[in-house]
>>> print(open('query.txt').read())   # compact mmCIF, N, CA and C atoms and all ligand atoms
# COMPACT_ATOMS: atom_id res chain seq x y z
N ASN A 1 0.82 -1.22 0.00
CA ASN A 1 0.00 0.00 0.00
C ASN A 1 0.86 1.27 0.00
N GLU A 2 1.85 1.25 -0.91
CA GLU A 2 2.63 2.47 -1.19
C GLU A 2 1.67 3.52 -1.72
N GLU A 3 1.55 4.65 -1.05
CA GLU A 3 0.62 5.68 -1.52
C GLU A 3 1.14 7.07 -1.21
N ARG A 4 0.37 8.07 -1.70
CA ARG A 4 0.75 9.45 -1.48
C ARG A 4 -0.34 10.15 -0.66
N SER A 5 0.07 11.15 0.12
CA SER A 5 -0.92 11.97 0.80
C SER A 5 -0.51 13.43 0.71
N PHE A 6 -1.52 14.29 0.79
CA PHE A 6 -1.28 15.74 0.79
C PHE A 6 -1.34 16.24 2.24
N ILE A 7 -0.28 16.90 2.66
CA ILE A 7 -0.20 17.46 4.01
C ILE A 7 0.03 18.96 3.90
N ALA A 8 -0.62 19.74 4.73
CA ALA A 8 -0.37 21.19 4.72
C ALA A 8 -0.18 21.69 6.15
N VAL A 9 0.83 22.53 6.33
CA VAL A 9 0.97 23.28 7.58
C VAL A 9 0.23 24.60 7.35
N LYS A 10 -0.81 24.83 8.13
CA LYS A 10 -1.68 25.98 7.93
C LYS A 10 -0.99 27.27 8.42
N PRO A 11 -1.58 28.45 8.09
CA PRO A 11 -0.90 29.70 8.42
C PRO A 11 -0.49 29.85 9.89
N ASP A 12 -1.28 29.33 10.82
CA ASP A 12 -0.88 29.45 12.24
C ASP A 12 0.37 28.62 12.52
N GLY A 13 0.48 27.46 11.88
CA GLY A 13 1.65 26.61 12.06
C GLY A 13 2.90 27.22 11.45
N VAL A 14 2.74 27.85 10.28
CA VAL A 14 3.88 28.51 9.63
C VAL A 14 4.32 29.69 10.50
N GLU A 15 3.35 30.51 10.94
CA GLU A 15 3.63 31.69 11.77
C GLU A 15 4.36 31.28 13.06
N ARG A 16 4.01 30.15 13.61
CA ARG A 16 4.62 29.72 14.87
C ARG A 16 5.93 28.96 14.68
N GLY A 17 6.36 28.83 13.42
CA GLY A 17 7.66 28.20 13.16
C GLY A 17 7.65 26.69 13.30
N LEU A 18 6.51 26.07 12.97
CA LEU A 18 6.38 24.61 13.15
C LEU A 18 6.63 23.80 11.88
N VAL A 19 6.96 24.47 10.77
CA VAL A 19 7.14 23.73 9.51
C VAL A 19 8.23 22.67 9.64
N GLY A 20 9.39 23.09 10.14
CA GLY A 20 10.52 22.15 10.26
C GLY A 20 10.18 20.97 11.15
N GLU A 21 9.55 21.23 12.29
CA GLU A 21 9.18 20.17 13.23
C GLU A 21 8.21 19.17 12.60
N ILE A 22 7.25 19.69 11.84
CA ILE A 22 6.24 18.81 11.23
C ILE A 22 6.87 17.99 10.10
N LEU A 23 7.67 18.65 9.25
CA LEU A 23 8.38 17.90 8.20
C LEU A 23 9.28 16.84 8.82
N ARG A 24 9.96 17.21 9.90
CA ARG A 24 10.88 16.29 10.56
C ARG A 24 10.18 15.02 11.00
N ARG A 25 8.96 15.18 11.54
CA ARG A 25 8.23 14.01 12.01
C ARG A 25 7.90 13.05 10.86
N PHE A 26 7.50 13.63 9.71
CA PHE A 26 7.16 12.77 8.57
C PHE A 26 8.41 12.10 7.99
N GLU A 27 9.49 12.85 7.94
CA GLU A 27 10.74 12.25 7.44
C GLU A 27 11.24 11.19 8.40
N ALA A 28 11.18 11.47 9.70
CA ALA A 28 11.68 10.51 10.69
C ALA A 28 10.87 9.22 10.66
N ARG A 29 9.58 9.34 10.35
CA ARG A 29 8.72 8.15 10.28
C ARG A 29 9.06 7.28 9.08
N GLY A 30 9.71 7.90 8.07
CA GLY A 30 10.13 7.13 6.90
C GLY A 30 9.48 7.54 5.59
N PHE A 31 8.65 8.58 5.64
CA PHE A 31 8.01 9.03 4.39
C PHE A 31 8.98 9.85 3.57
N LYS A 32 8.83 9.78 2.27
CA LYS A 32 9.59 10.61 1.35
C LYS A 32 8.80 11.88 1.07
N ILE A 33 9.47 13.01 1.07
CA ILE A 33 8.84 14.28 0.68
C ILE A 33 8.96 14.40 -0.84
N LEU A 34 7.81 14.38 -1.53
CA LEU A 34 7.82 14.39 -3.01
C LEU A 34 7.73 15.79 -3.57
N ALA A 35 7.08 16.68 -2.82
CA ALA A 35 6.87 18.05 -3.29
C ALA A 35 6.74 18.91 -2.05
N LEU A 36 7.13 20.17 -2.18
CA LEU A 36 7.16 21.05 -1.01
C LEU A 36 7.08 22.48 -1.50
N GLU A 37 6.08 23.22 -0.99
CA GLU A 37 5.91 24.60 -1.47
C GLU A 37 5.27 25.48 -0.41
N LEU A 38 5.83 26.69 -0.27
CA LEU A 38 5.21 27.70 0.59
C LEU A 38 4.34 28.55 -0.33
N THR A 39 3.04 28.59 -0.05
CA THR A 39 2.12 29.19 -1.01
C THR A 39 1.01 29.98 -0.32
N HIS A 40 0.51 31.00 -1.01
CA HIS A 40 -0.66 31.75 -0.54
C HIS A 40 -1.86 31.27 -1.34
N PRO A 41 -2.66 30.36 -0.80
CA PRO A 41 -3.76 29.79 -1.59
C PRO A 41 -4.82 30.84 -1.93
N SER A 42 -5.30 30.80 -3.16
CA SER A 42 -6.38 31.70 -3.58
C SER A 42 -7.69 31.22 -2.97
N GLU A 43 -8.68 32.13 -2.94
CA GLU A 43 -10.00 31.73 -2.44
C GLU A 43 -10.58 30.62 -3.31
N ALA A 44 -10.33 30.70 -4.62
CA ALA A 44 -10.85 29.68 -5.54
C ALA A 44 -10.28 28.30 -5.20
N LEU A 45 -8.97 28.26 -4.92
CA LEU A 45 -8.35 26.97 -4.58
C LEU A 45 -8.96 26.42 -3.29
N LEU A 46 -9.14 27.31 -2.30
CA LEU A 46 -9.66 26.86 -1.01
C LEU A 46 -11.12 26.40 -1.13
N ARG A 47 -11.89 27.10 -1.96
CA ARG A 47 -13.28 26.68 -2.16
C ARG A 47 -13.34 25.30 -2.81
N ASP A 48 -12.40 25.04 -3.68
CA ASP A 48 -12.31 23.73 -4.32
C ASP A 48 -11.85 22.68 -3.29
N HIS A 49 -10.76 23.00 -2.59
CA HIS A 49 -10.19 22.08 -1.59
C HIS A 49 -11.21 21.69 -0.52
N TYR A 50 -11.94 22.70 -0.02
CA TYR A 50 -12.90 22.49 1.07
C TYR A 50 -14.35 22.48 0.57
N GLY A 51 -14.55 22.06 -0.69
CA GLY A 51 -15.87 22.11 -1.31
C GLY A 51 -16.97 21.47 -0.49
N ASP A 52 -16.65 20.36 0.18
CA ASP A 52 -17.67 19.63 0.94
C ASP A 52 -18.07 20.36 2.23
N LEU A 53 -17.36 21.44 2.56
CA LEU A 53 -17.65 22.16 3.81
C LEU A 53 -18.33 23.50 3.56
N SER A 54 -18.63 23.81 2.28
CA SER A 54 -19.06 25.17 1.93
C SER A 54 -20.36 25.59 2.61
N SER A 55 -21.17 24.63 3.07
CA SER A 55 -22.43 25.00 3.73
C SER A 55 -22.30 25.08 5.25
N LYS A 56 -21.10 24.80 5.76
CA LYS A 56 -20.91 24.82 7.23
C LYS A 56 -20.88 26.26 7.74
N PRO A 57 -21.38 26.47 8.95
CA PRO A 57 -21.38 27.83 9.50
C PRO A 57 -19.97 28.41 9.67
N PHE A 58 -18.97 27.55 9.88
CA PHE A 58 -17.62 28.05 10.10
C PHE A 58 -16.84 28.28 8.80
N PHE A 59 -17.48 28.02 7.63
CA PHE A 59 -16.76 28.07 6.36
C PHE A 59 -16.11 29.45 6.07
N PRO A 60 -16.84 30.57 6.25
CA PRO A 60 -16.20 31.88 5.99
C PRO A 60 -14.97 32.09 6.87
N LYS A 61 -15.07 31.68 8.14
CA LYS A 61 -13.94 31.80 9.06
C LYS A 61 -12.77 30.93 8.61
N LEU A 62 -13.11 29.75 8.11
CA LEU A 62 -12.08 28.81 7.63
C LEU A 62 -11.32 29.42 6.44
N LEU A 63 -12.06 30.04 5.50
CA LEU A 63 -11.42 30.69 4.35
C LEU A 63 -10.47 31.79 4.81
N LYS A 64 -10.94 32.61 5.76
CA LYS A 64 -10.14 33.73 6.27
C LYS A 64 -8.88 33.21 6.96
N TYR A 65 -9.05 32.20 7.77
CA TYR A 65 -7.92 31.57 8.49
C TYR A 65 -6.89 31.04 7.50
N MET A 66 -7.36 30.34 6.47
CA MET A 66 -6.43 29.72 5.52
C MET A 66 -5.75 30.75 4.61
N GLN A 67 -6.27 32.00 4.63
CA GLN A 67 -5.64 33.07 3.85
C GLN A 67 -4.95 34.09 4.73
N SER A 68 -4.75 33.76 6.01
CA SER A 68 -4.14 34.71 6.94
C SER A 68 -2.63 34.74 6.83
N GLY A 69 -2.05 33.88 6.00
CA GLY A 69 -0.60 33.84 5.81
C GLY A 69 -0.26 32.67 4.91
N PRO A 70 1.03 32.47 4.66
CA PRO A 70 1.41 31.37 3.78
C PRO A 70 1.11 29.99 4.38
N VAL A 71 0.88 29.04 3.50
CA VAL A 71 0.65 27.64 3.85
C VAL A 71 1.85 26.84 3.32
N ALA A 72 2.38 25.93 4.13
CA ALA A 72 3.43 25.03 3.64
C ALA A 72 2.76 23.75 3.18
N ALA A 73 2.71 23.56 1.86
CA ALA A 73 2.02 22.41 1.27
C ALA A 73 3.05 21.37 0.88
N PHE A 74 2.79 20.11 1.24
CA PHE A 74 3.72 19.08 0.78
C PHE A 74 3.02 17.75 0.52
N VAL A 75 3.74 16.91 -0.21
CA VAL A 75 3.24 15.58 -0.56
C VAL A 75 4.19 14.57 0.05
N ILE A 76 3.63 13.61 0.78
CA ILE A 76 4.44 12.51 1.31
C ILE A 76 4.14 11.23 0.54
N GLN A 77 5.13 10.39 0.46
CA GLN A 77 4.91 9.08 -0.15
C GLN A 77 5.48 7.99 0.75
N GLY A 78 4.74 6.90 0.86
CA GLY A 78 5.21 5.77 1.65
C GLY A 78 4.07 4.84 1.96
N LYS A 79 4.37 3.75 2.66
CA LYS A 79 3.34 2.77 3.01
C LYS A 79 2.31 3.39 3.93
N GLY A 80 1.05 3.30 3.55
CA GLY A 80 -0.05 3.78 4.39
C GLY A 80 -0.01 5.28 4.63
N ALA A 81 0.48 6.05 3.65
CA ALA A 81 0.69 7.49 3.84
C ALA A 81 -0.59 8.21 4.30
N VAL A 82 -1.74 7.83 3.77
CA VAL A 82 -2.97 8.53 4.13
C VAL A 82 -3.37 8.24 5.57
N LYS A 83 -3.46 6.97 5.91
CA LYS A 83 -3.93 6.59 7.25
C LYS A 83 -2.92 6.98 8.33
N ILE A 84 -1.66 6.71 8.06
CA ILE A 84 -0.63 7.05 9.05
C ILE A 84 -0.47 8.56 9.16
N GLY A 85 -0.57 9.23 7.99
CA GLY A 85 -0.50 10.70 8.01
C GLY A 85 -1.58 11.28 8.91
N ARG A 86 -2.80 10.80 8.77
CA ARG A 86 -3.91 11.27 9.62
C ARG A 86 -3.65 10.97 11.08
N ALA A 87 -3.14 9.77 11.35
CA ALA A 87 -2.86 9.39 12.73
C ALA A 87 -1.80 10.30 13.34
N MET A 88 -0.80 10.66 12.53
CA MET A 88 0.26 11.53 13.05
C MET A 88 -0.25 12.94 13.33
N LEU A 89 -1.24 13.40 12.54
CA LEU A 89 -1.81 14.74 12.78
C LEU A 89 -2.68 14.75 14.02
N GLY A 90 -3.42 13.67 14.25
CA GLY A 90 -4.35 13.61 15.37
C GLY A 90 -5.75 14.05 14.95
N ALA A 91 -6.69 13.93 15.86
CA ALA A 91 -8.09 14.27 15.56
C ALA A 91 -8.20 15.73 15.13
N THR A 92 -9.18 16.01 14.25
CA THR A 92 -9.37 17.38 13.73
C THR A 92 -9.46 18.40 14.85
N ASN A 93 -10.20 18.05 15.90
CA ASN A 93 -10.29 18.93 17.06
C ASN A 93 -9.14 18.62 18.03
N PRO A 94 -8.22 19.55 18.19
CA PRO A 94 -7.06 19.29 19.06
C PRO A 94 -7.46 18.88 20.48
N GLN A 95 -8.67 19.24 20.89
CA GLN A 95 -9.14 18.85 22.22
C GLN A 95 -9.33 17.33 22.31
N ASP A 96 -9.49 16.69 21.15
CA ASP A 96 -9.69 15.24 21.11
C ASP A 96 -8.46 14.48 20.61
N SER A 97 -7.40 15.20 20.26
CA SER A 97 -6.21 14.55 19.69
C SER A 97 -5.43 13.82 20.77
N ALA A 98 -4.95 12.62 20.41
CA ALA A 98 -4.17 11.83 21.36
C ALA A 98 -2.80 12.47 21.59
N PRO A 99 -2.31 12.41 22.83
CA PRO A 99 -0.97 12.92 23.13
C PRO A 99 0.06 12.31 22.18
N GLY A 100 1.01 13.12 21.75
CA GLY A 100 2.03 12.63 20.83
C GLY A 100 1.71 12.94 19.38
N THR A 101 0.44 13.27 19.10
CA THR A 101 0.11 13.68 17.73
C THR A 101 0.45 15.17 17.57
N ILE A 102 0.58 15.59 16.32
CA ILE A 102 0.98 16.98 16.05
C ILE A 102 -0.02 17.96 16.66
N ARG A 103 -1.32 17.73 16.45
CA ARG A 103 -2.31 18.69 16.97
C ARG A 103 -2.34 18.69 18.49
N ALA A 104 -2.22 17.52 19.10
CA ALA A 104 -2.23 17.49 20.57
C ALA A 104 -0.99 18.18 21.12
N ASP A 105 0.13 18.05 20.43
CA ASP A 105 1.37 18.63 20.94
C ASP A 105 1.46 20.13 20.70
N PHE A 106 0.72 20.65 19.68
CA PHE A 106 0.91 22.05 19.29
C PHE A 106 -0.36 22.88 19.18
N ALA A 107 -1.53 22.34 19.49
CA ALA A 107 -2.76 23.12 19.30
C ALA A 107 -3.80 22.84 20.37
N LEU A 108 -4.74 23.79 20.51
CA LEU A 108 -5.83 23.66 21.47
C LEU A 108 -7.19 23.92 20.85
N ASP A 109 -7.20 24.59 19.67
CA ASP A 109 -8.42 25.16 19.12
C ASP A 109 -8.72 24.57 17.74
N ILE A 110 -9.94 24.06 17.53
CA ILE A 110 -10.29 23.46 16.23
C ILE A 110 -10.19 24.49 15.11
N GLY A 111 -10.37 25.76 15.42
CA GLY A 111 -10.26 26.83 14.43
C GLY A 111 -8.83 27.19 14.10
N LYS A 112 -7.87 26.65 14.84
CA LYS A 112 -6.44 26.87 14.57
C LYS A 112 -5.72 25.56 14.82
N ASN A 113 -6.00 24.58 13.95
CA ASN A 113 -5.50 23.24 14.24
C ASN A 113 -4.22 22.87 13.50
N VAL A 114 -3.48 23.89 13.04
CA VAL A 114 -2.07 23.77 12.62
C VAL A 114 -1.80 23.05 11.30
N CYS A 115 -2.58 22.01 11.01
CA CYS A 115 -2.22 21.19 9.84
C CYS A 115 -3.44 20.52 9.23
N HIS A 116 -3.24 20.05 8.00
CA HIS A 116 -4.28 19.32 7.27
C HIS A 116 -3.66 18.07 6.67
N GLY A 117 -4.43 16.98 6.62
CA GLY A 117 -3.99 15.79 5.92
C GLY A 117 -5.16 15.16 5.19
N SER A 118 -4.92 14.62 4.00
CA SER A 118 -5.98 14.01 3.21
C SER A 118 -6.65 12.87 3.98
N ASP A 119 -7.98 12.71 3.78
CA ASP A 119 -8.71 11.69 4.55
C ASP A 119 -8.93 10.38 3.80
N SER A 120 -8.53 10.32 2.53
CA SER A 120 -8.64 9.07 1.77
C SER A 120 -7.65 9.14 0.61
N VAL A 121 -7.40 8.00 -0.01
CA VAL A 121 -6.49 7.96 -1.16
C VAL A 121 -7.07 8.82 -2.29
N GLU A 122 -8.40 8.78 -2.46
CA GLU A 122 -9.04 9.56 -3.51
C GLU A 122 -8.88 11.05 -3.25
N SER A 123 -9.15 11.50 -2.00
CA SER A 123 -8.99 12.94 -1.75
C SER A 123 -7.52 13.33 -1.82
N ALA A 124 -6.61 12.43 -1.46
CA ALA A 124 -5.18 12.75 -1.57
C ALA A 124 -4.83 13.08 -3.02
N GLU A 125 -5.26 12.22 -3.94
CA GLU A 125 -4.92 12.44 -5.35
C GLU A 125 -5.59 13.72 -5.88
N ARG A 126 -6.83 13.97 -5.43
CA ARG A 126 -7.54 15.19 -5.83
C ARG A 126 -6.81 16.43 -5.29
N GLU A 127 -6.43 16.39 -4.01
CA GLU A 127 -5.77 17.54 -3.38
C GLU A 127 -4.37 17.77 -3.96
N ILE A 128 -3.65 16.70 -4.25
CA ILE A 128 -2.31 16.86 -4.85
C ILE A 128 -2.43 17.56 -6.20
N ALA A 129 -3.41 17.16 -7.00
CA ALA A 129 -3.60 17.77 -8.32
C ALA A 129 -4.00 19.25 -8.20
N LEU A 130 -4.74 19.55 -7.13
CA LEU A 130 -5.22 20.92 -6.90
C LEU A 130 -4.08 21.85 -6.45
N TRP A 131 -3.28 21.39 -5.51
CA TRP A 131 -2.24 22.23 -4.91
C TRP A 131 -0.94 22.21 -5.73
N PHE A 132 -0.76 21.17 -6.52
CA PHE A 132 0.45 21.07 -7.36
C PHE A 132 0.04 20.83 -8.81
N PRO A 133 -0.62 21.84 -9.43
CA PRO A 133 -1.14 21.66 -10.79
C PRO A 133 -0.02 21.42 -11.80
N GLN A 134 1.19 21.82 -11.45
CA GLN A 134 2.34 21.60 -12.36
C GLN A 134 2.77 20.14 -12.35
N GLY A 135 2.19 19.36 -11.44
CA GLY A 135 2.51 17.93 -11.38
C GLY A 135 3.60 17.63 -10.36
N VAL A 136 3.64 16.39 -9.89
CA VAL A 136 4.61 15.95 -8.89
C VAL A 136 5.38 14.79 -9.47
N LYS A 137 6.70 14.93 -9.51
CA LYS A 137 7.51 13.86 -10.07
C LYS A 137 7.63 12.72 -9.08
N PRO A 138 7.70 11.48 -9.56
CA PRO A 138 7.94 10.36 -8.66
C PRO A 138 9.30 10.51 -7.99
N TYR A 139 9.43 9.91 -6.81
CA TYR A 139 10.67 10.05 -6.05
C TYR A 139 11.83 9.44 -6.84
N ALA A 140 12.89 10.24 -7.03
CA ALA A 140 14.04 9.79 -7.80
C ALA A 140 14.94 8.90 -6.94
N ARG A 141 15.25 7.73 -7.43
CA ARG A 141 16.14 6.83 -6.69
C ARG A 141 17.59 7.20 -6.98
N ALA A 142 18.43 7.02 -5.98
CA ALA A 142 19.85 7.32 -6.17
C ALA A 142 20.44 6.40 -7.22
N VAL A 143 21.36 6.92 -8.03
CA VAL A 143 22.07 6.06 -8.98
C VAL A 143 23.39 5.62 -8.33
N ASP A 144 23.82 4.43 -8.66
CA ASP A 144 25.05 3.95 -8.02
C ASP A 144 26.25 4.25 -8.91
P1 LIG B 201 -8.95 20.07 8.18
O1 LIG B 201 -8.32 18.78 8.52
O2 LIG B 201 -8.19 20.99 7.28
O3 LIG B 201 -10.38 19.80 7.55
C1 LIG B 201 -11.44 20.74 7.61
C2 LIG B 201 -11.11 21.93 8.44
O4 LIG B 201 -12.21 22.71 8.84
C3 LIG B 201 -10.51 21.45 9.75
O5 LIG B 201 -9.25 20.89 9.54
C4 LIG B 201 -10.59 22.73 10.58
O6 LIG B 201 -9.52 23.62 10.26
C5 LIG B 201 -11.89 23.33 10.07
N1 LIG B 201 -12.99 23.06 11.00
C6 LIG B 201 -13.66 21.90 11.17
N2 LIG B 201 -14.61 22.05 12.10
C7 LIG B 201 -14.55 23.33 12.52
C8 LIG B 201 -15.26 24.10 13.49
N3 LIG B 201 -16.26 23.57 14.19
N4 LIG B 201 -14.90 25.39 13.67
C9 LIG B 201 -13.89 25.94 12.96
N5 LIG B 201 -13.17 25.26 12.04
C10 LIG B 201 -13.50 23.98 11.82
>>> encode(input="query.txt", output="structure tokens", more="lines below")
Ligand code: CMP
Amino acid sequence: NEERSFIAVKPDGVERGLVGEILRRFEARGFKILALELTHPSEALLRDHYGDLSSKPFFPKLLKYMQSGPVAAFVIQGKGAVKIGRAMLGATNPQDSAPGTIRADFALDIGKNVCHGSDSVESAEREIALWFPQGVKPYARAVD
């Protein structure tokens, strides 16, 4: 089950200097970083990314939050990238996240939950195409 997942450090995480720590955890776990970009997502991209949430009462706040600063977007590849990626982030609401997860270690508020991870292989591929429209190259193996 070699797969890819889309992970993003949200503006609060970037502002607080957590990009290196979060990348470090994914690298230490054994995932390969396939793509990495600091980006200011447009409203159109966010509406597409969060399309299933557009009717939620918190949606306008979510758009504002996600545009409050740069987002560090990256793609990980490895065994069980989607499921393990989600487990490493912790529950969406940091109040429910298990100790040792990124959200439990660095957040308290569901409205500022530091990071995002794809919830299925299908959404991972959709989100990767959305955030990296130029395409993502497969991980290059070292030549001997
Ligand atoms: P994420 O994993 O990016 O998926 C959807 C996002 O919506 C979630 O993390 C939160 O940032 C946000 N979200 C979900 N529920 C709420 C809520 N009740 N209030 C504010 N933001 C929320």
>>> residues_near_ligand(input="query.txt", ligand="ligand LIG 201 (chain B)", cutoff="6 Å", atoms="only N, CA and C atoms and all ligand atoms", output="PDB file with N, CA and C atoms, in the coordinates of the input")
ATOM      1  N   PHE A  58     -18.970  27.550   9.880  1.00  0.00           N
ATOM      2  CA  PHE A  58     -17.620  28.050  10.100  1.00  0.00           C
ATOM      3  C   PHE A  58     -16.840  28.280   8.800  1.00  0.00           C
ATOM      4  N   LEU A  62     -13.110  29.750   8.110  1.00  0.00           N
ATOM      5  CA  LEU A  62     -12.080  28.810   7.630  1.00  0.00           C
ATOM      6  C   LEU A  62     -11.320  29.420   6.440  1.00  0.00           C
ATOM      7  N   THR A  92      -9.180  16.010  14.250  1.00  0.00           N
ATOM      8  CA  THR A  92      -9.370  17.380  13.730  1.00  0.00           C
ATOM      9  C   THR A  92      -9.460  18.400  14.850  1.00  0.00           C
ATOM     10  N   ILE A 110      -9.940  24.060  17.530  1.00  0.00           N
ATOM     11  CA  ILE A 110     -10.290  23.460  16.230  1.00  0.00           C
ATOM     12  C   ILE A 110     -10.190  24.490  15.110  1.00  0.00           C
ATOM     13  N   GLY A 111     -10.370  25.760  15.420  1.00  0.00           N
ATOM     14  CA  GLY A 111     -10.260  26.830  14.430  1.00  0.00           C
ATOM     15  C   GLY A 111      -8.830  27.190  14.100  1.00  0.00           C
ATOM     16  N   LYS A 112      -7.870  26.650  14.840  1.00  0.00           N
ATOM     17  CA  LYS A 112      -6.440  26.870  14.570  1.00  0.00           C
ATOM     18  C   LYS A 112      -5.720  25.560  14.820  1.00  0.00           C
ATOM     19  N   ASN A 113      -6.000  24.580  13.950  1.00  0.00           N
ATOM     20  CA  ASN A 113      -5.500  23.240  14.240  1.00  0.00           C
ATOM     21  C   ASN A 113      -4.220  22.870  13.500  1.00  0.00           C
ATOM     22  N   CYS A 115      -2.580  22.010  11.010  1.00  0.00           N
ATOM     23  CA  CYS A 115      -2.220  21.190   9.840  1.00  0.00           C
ATOM     24  C   CYS A 115      -3.440  20.520   9.230  1.00  0.00           C
ATOM     25  N   HIS A 116      -3.240  20.050   8.000  1.00  0.00           N
ATOM     26  CA  HIS A 116      -4.280  19.320   7.270  1.00  0.00           C
ATOM     27  C   HIS A 116      -3.660  18.070   6.670  1.00  0.00           C
ATOM     28  N   GLY A 117      -4.430  16.980   6.620  1.00  0.00           N
ATOM     29  CA  GLY A 117      -3.990  15.790   5.920  1.00  0.00           C
ATOM     30  C   GLY A 117      -5.160  15.160   5.190  1.00  0.00           C
TER      31      GLY A 117
END
>>> closest_residue(input="query.txt", among="A:Gly51, A:Gly69, A:Pro99, A:Gly85", to="Val14 (chain A)", atoms="only N, CA and C atoms")
A:Gly69
>>> atom_distance(input="query.txt", atom1="CA of Lys32 (chain A)", atom2="atom N of Val114 (chain A)")
22.0 Å
>>> atom_distance(input="query.txt", atom1="atom N of Ala44 (chain A)", atom2="atom N of Lys10 (chain A)")
17.0 Å
>>> residues_near_point(input="query.txt", point="(-3.9, 20.3, -4.1)", cutoff="12 Å", atoms="only C-alpha atoms", output="compact mmCIF listing (two decimals) with N, CA and C atoms, keeping the file's coordinate frame")
# COMPACT_ATOMS: atom_id res chain seq x y z
N SER A 5 0.07 11.15 0.12
CA SER A 5 -0.92 11.97 0.80
C SER A 5 -0.51 13.43 0.71
N PHE A 6 -1.52 14.29 0.79
CA PHE A 6 -1.28 15.74 0.79
C PHE A 6 -1.34 16.24 2.24
N ILE A 7 -0.28 16.90 2.66
CA ILE A 7 -0.20 17.46 4.01
C ILE A 7 0.03 18.96 3.90
N ALA A 8 -0.62 19.74 4.73
CA ALA A 8 -0.37 21.19 4.72
C ALA A 8 -0.18 21.69 6.15
N ALA A 35 7.08 16.68 -2.82
CA ALA A 35 6.87 18.05 -3.29
C ALA A 35 6.74 18.91 -2.05
N LEU A 36 7.13 20.17 -2.18
CA LEU A 36 7.16 21.05 -1.01
C LEU A 36 7.08 22.48 -1.50
N GLU A 37 6.08 23.22 -0.99
CA GLU A 37 5.91 24.60 -1.47
C GLU A 37 5.27 25.48 -0.41
N THR A 39 3.04 28.59 -0.05
CA THR A 39 2.12 29.19 -1.01
C THR A 39 1.01 29.98 -0.32
N PRO A 41 -2.66 30.36 -0.80
CA PRO A 41 -3.76 29.79 -1.59
C PRO A 41 -4.82 30.84 -1.93
N SER A 42 -5.30 30.80 -3.16
CA SER A 42 -6.38 31.70 -3.58
C SER A 42 -7.69 31.22 -2.97
N ALA A 44 -10.33 30.70 -4.62
CA ALA A 44 -10.85 29.68 -5.54
C ALA A 44 -10.28 28.30 -5.20
N LEU A 45 -8.97 28.26 -4.92
CA LEU A 45 -8.35 26.97 -4.58
C LEU A 45 -8.96 26.42 -3.29
N LEU A 46 -9.14 27.31 -2.30
CA LEU A 46 -9.66 26.86 -1.01
C LEU A 46 -11.12 26.40 -1.13
N ARG A 47 -11.89 27.10 -1.96
CA ARG A 47 -13.28 26.68 -2.16
C ARG A 47 -13.34 25.30 -2.81
N ASP A 48 -12.40 25.04 -3.68
CA ASP A 48 -12.31 23.73 -4.32
C ASP A 48 -11.85 22.68 -3.29
N HIS A 49 -10.76 23.00 -2.59
CA HIS A 49 -10.19 22.08 -1.59
C HIS A 49 -11.21 21.69 -0.52
N TYR A 50 -11.94 22.70 -0.02
CA TYR A 50 -12.90 22.49 1.07
C TYR A 50 -14.35 22.48 0.57
N VAL A 71 0.88 29.04 3.50
CA VAL A 71 0.65 27.64 3.85
C VAL A 71 1.85 26.84 3.32
N ALA A 72 2.38 25.93 4.13
CA ALA A 72 3.43 25.03 3.64
C ALA A 72 2.76 23.75 3.18
N ALA A 73 2.71 23.56 1.86
CA ALA A 73 2.02 22.41 1.27
C ALA A 73 3.05 21.37 0.88
N PHE A 74 2.79 20.11 1.24
CA PHE A 74 3.72 19.08 0.78
C PHE A 74 3.02 17.75 0.52
N VAL A 75 3.74 16.91 -0.21
CA VAL A 75 3.24 15.58 -0.56
C VAL A 75 4.19 14.57 0.05
N HIS A 116 -3.24 20.05 8.00
CA HIS A 116 -4.28 19.32 7.27
C HIS A 116 -3.66 18.07 6.67
N GLY A 117 -4.43 16.98 6.62
CA GLY A 117 -3.99 15.79 5.92
C GLY A 117 -5.16 15.16 5.19
N SER A 118 -4.92 14.62 4.00
CA SER A 118 -5.98 14.01 3.21
C SER A 118 -6.65 12.87 3.98
N GLU A 122 -8.40 8.78 -2.46
CA GLU A 122 -9.04 9.56 -3.51
C GLU A 122 -8.88 11.05 -3.25
N SER A 123 -9.15 11.50 -2.00
CA SER A 123 -8.99 12.94 -1.75
C SER A 123 -7.52 13.33 -1.82
N ALA A 124 -6.61 12.43 -1.46
CA ALA A 124 -5.18 12.75 -1.57
C ALA A 124 -4.83 13.08 -3.02
N GLU A 125 -5.26 12.22 -3.94
CA GLU A 125 -4.92 12.44 -5.35
C GLU A 125 -5.59 13.72 -5.88
N ARG A 126 -6.83 13.97 -5.43
CA ARG A 126 -7.54 15.19 -5.83
C ARG A 126 -6.81 16.43 -5.29
N GLU A 127 -6.43 16.39 -4.01
CA GLU A 127 -5.77 17.54 -3.38
C GLU A 127 -4.37 17.77 -3.96
N ILE A 128 -3.65 16.70 -4.25
CA ILE A 128 -2.31 16.86 -4.85
C ILE A 128 -2.43 17.56 -6.20
N ALA A 129 -3.41 17.16 -7.00
CA ALA A 129 -3.60 17.77 -8.32
C ALA A 129 -4.00 19.25 -8.20
N LEU A 130 -4.74 19.55 -7.13
CA LEU A 130 -5.22 20.92 -6.90
C LEU A 130 -4.08 21.85 -6.45
N TRP A 131 -3.28 21.39 -5.51
CA TRP A 131 -2.24 22.23 -4.91
C TRP A 131 -0.94 22.21 -5.73
N PHE A 132 -0.76 21.17 -6.52
CA PHE A 132 0.45 21.07 -7.36
C PHE A 132 0.04 20.83 -8.81
N PRO A 133 -0.62 21.84 -9.43
CA PRO A 133 -1.14 21.66 -10.79
C PRO A 133 -0.02 21.42 -11.80
N GLN A 134 1.19 21.82 -11.45
CA GLN A 134 2.34 21.60 -12.36
C GLN A 134 2.77 20.14 -12.35
N GLY A 135 2.19 19.36 -11.44
CA GLY A 135 2.51 17.93 -11.38
C GLY A 135 3.60 17.63 -10.36
N VAL A 136 3.64 16.39 -9.89
CA VAL A 136 4.61 15.95 -8.89
C VAL A 136 5.38 14.79 -9.47
>>> residues_around(input="query.txt", residues="Arg141 (chain A)", least_positions_apart="3", cutoff="12 Å", atoms="only C-alpha atoms", output="number ranges by chain")
A: 32, 34, 137-138, 144
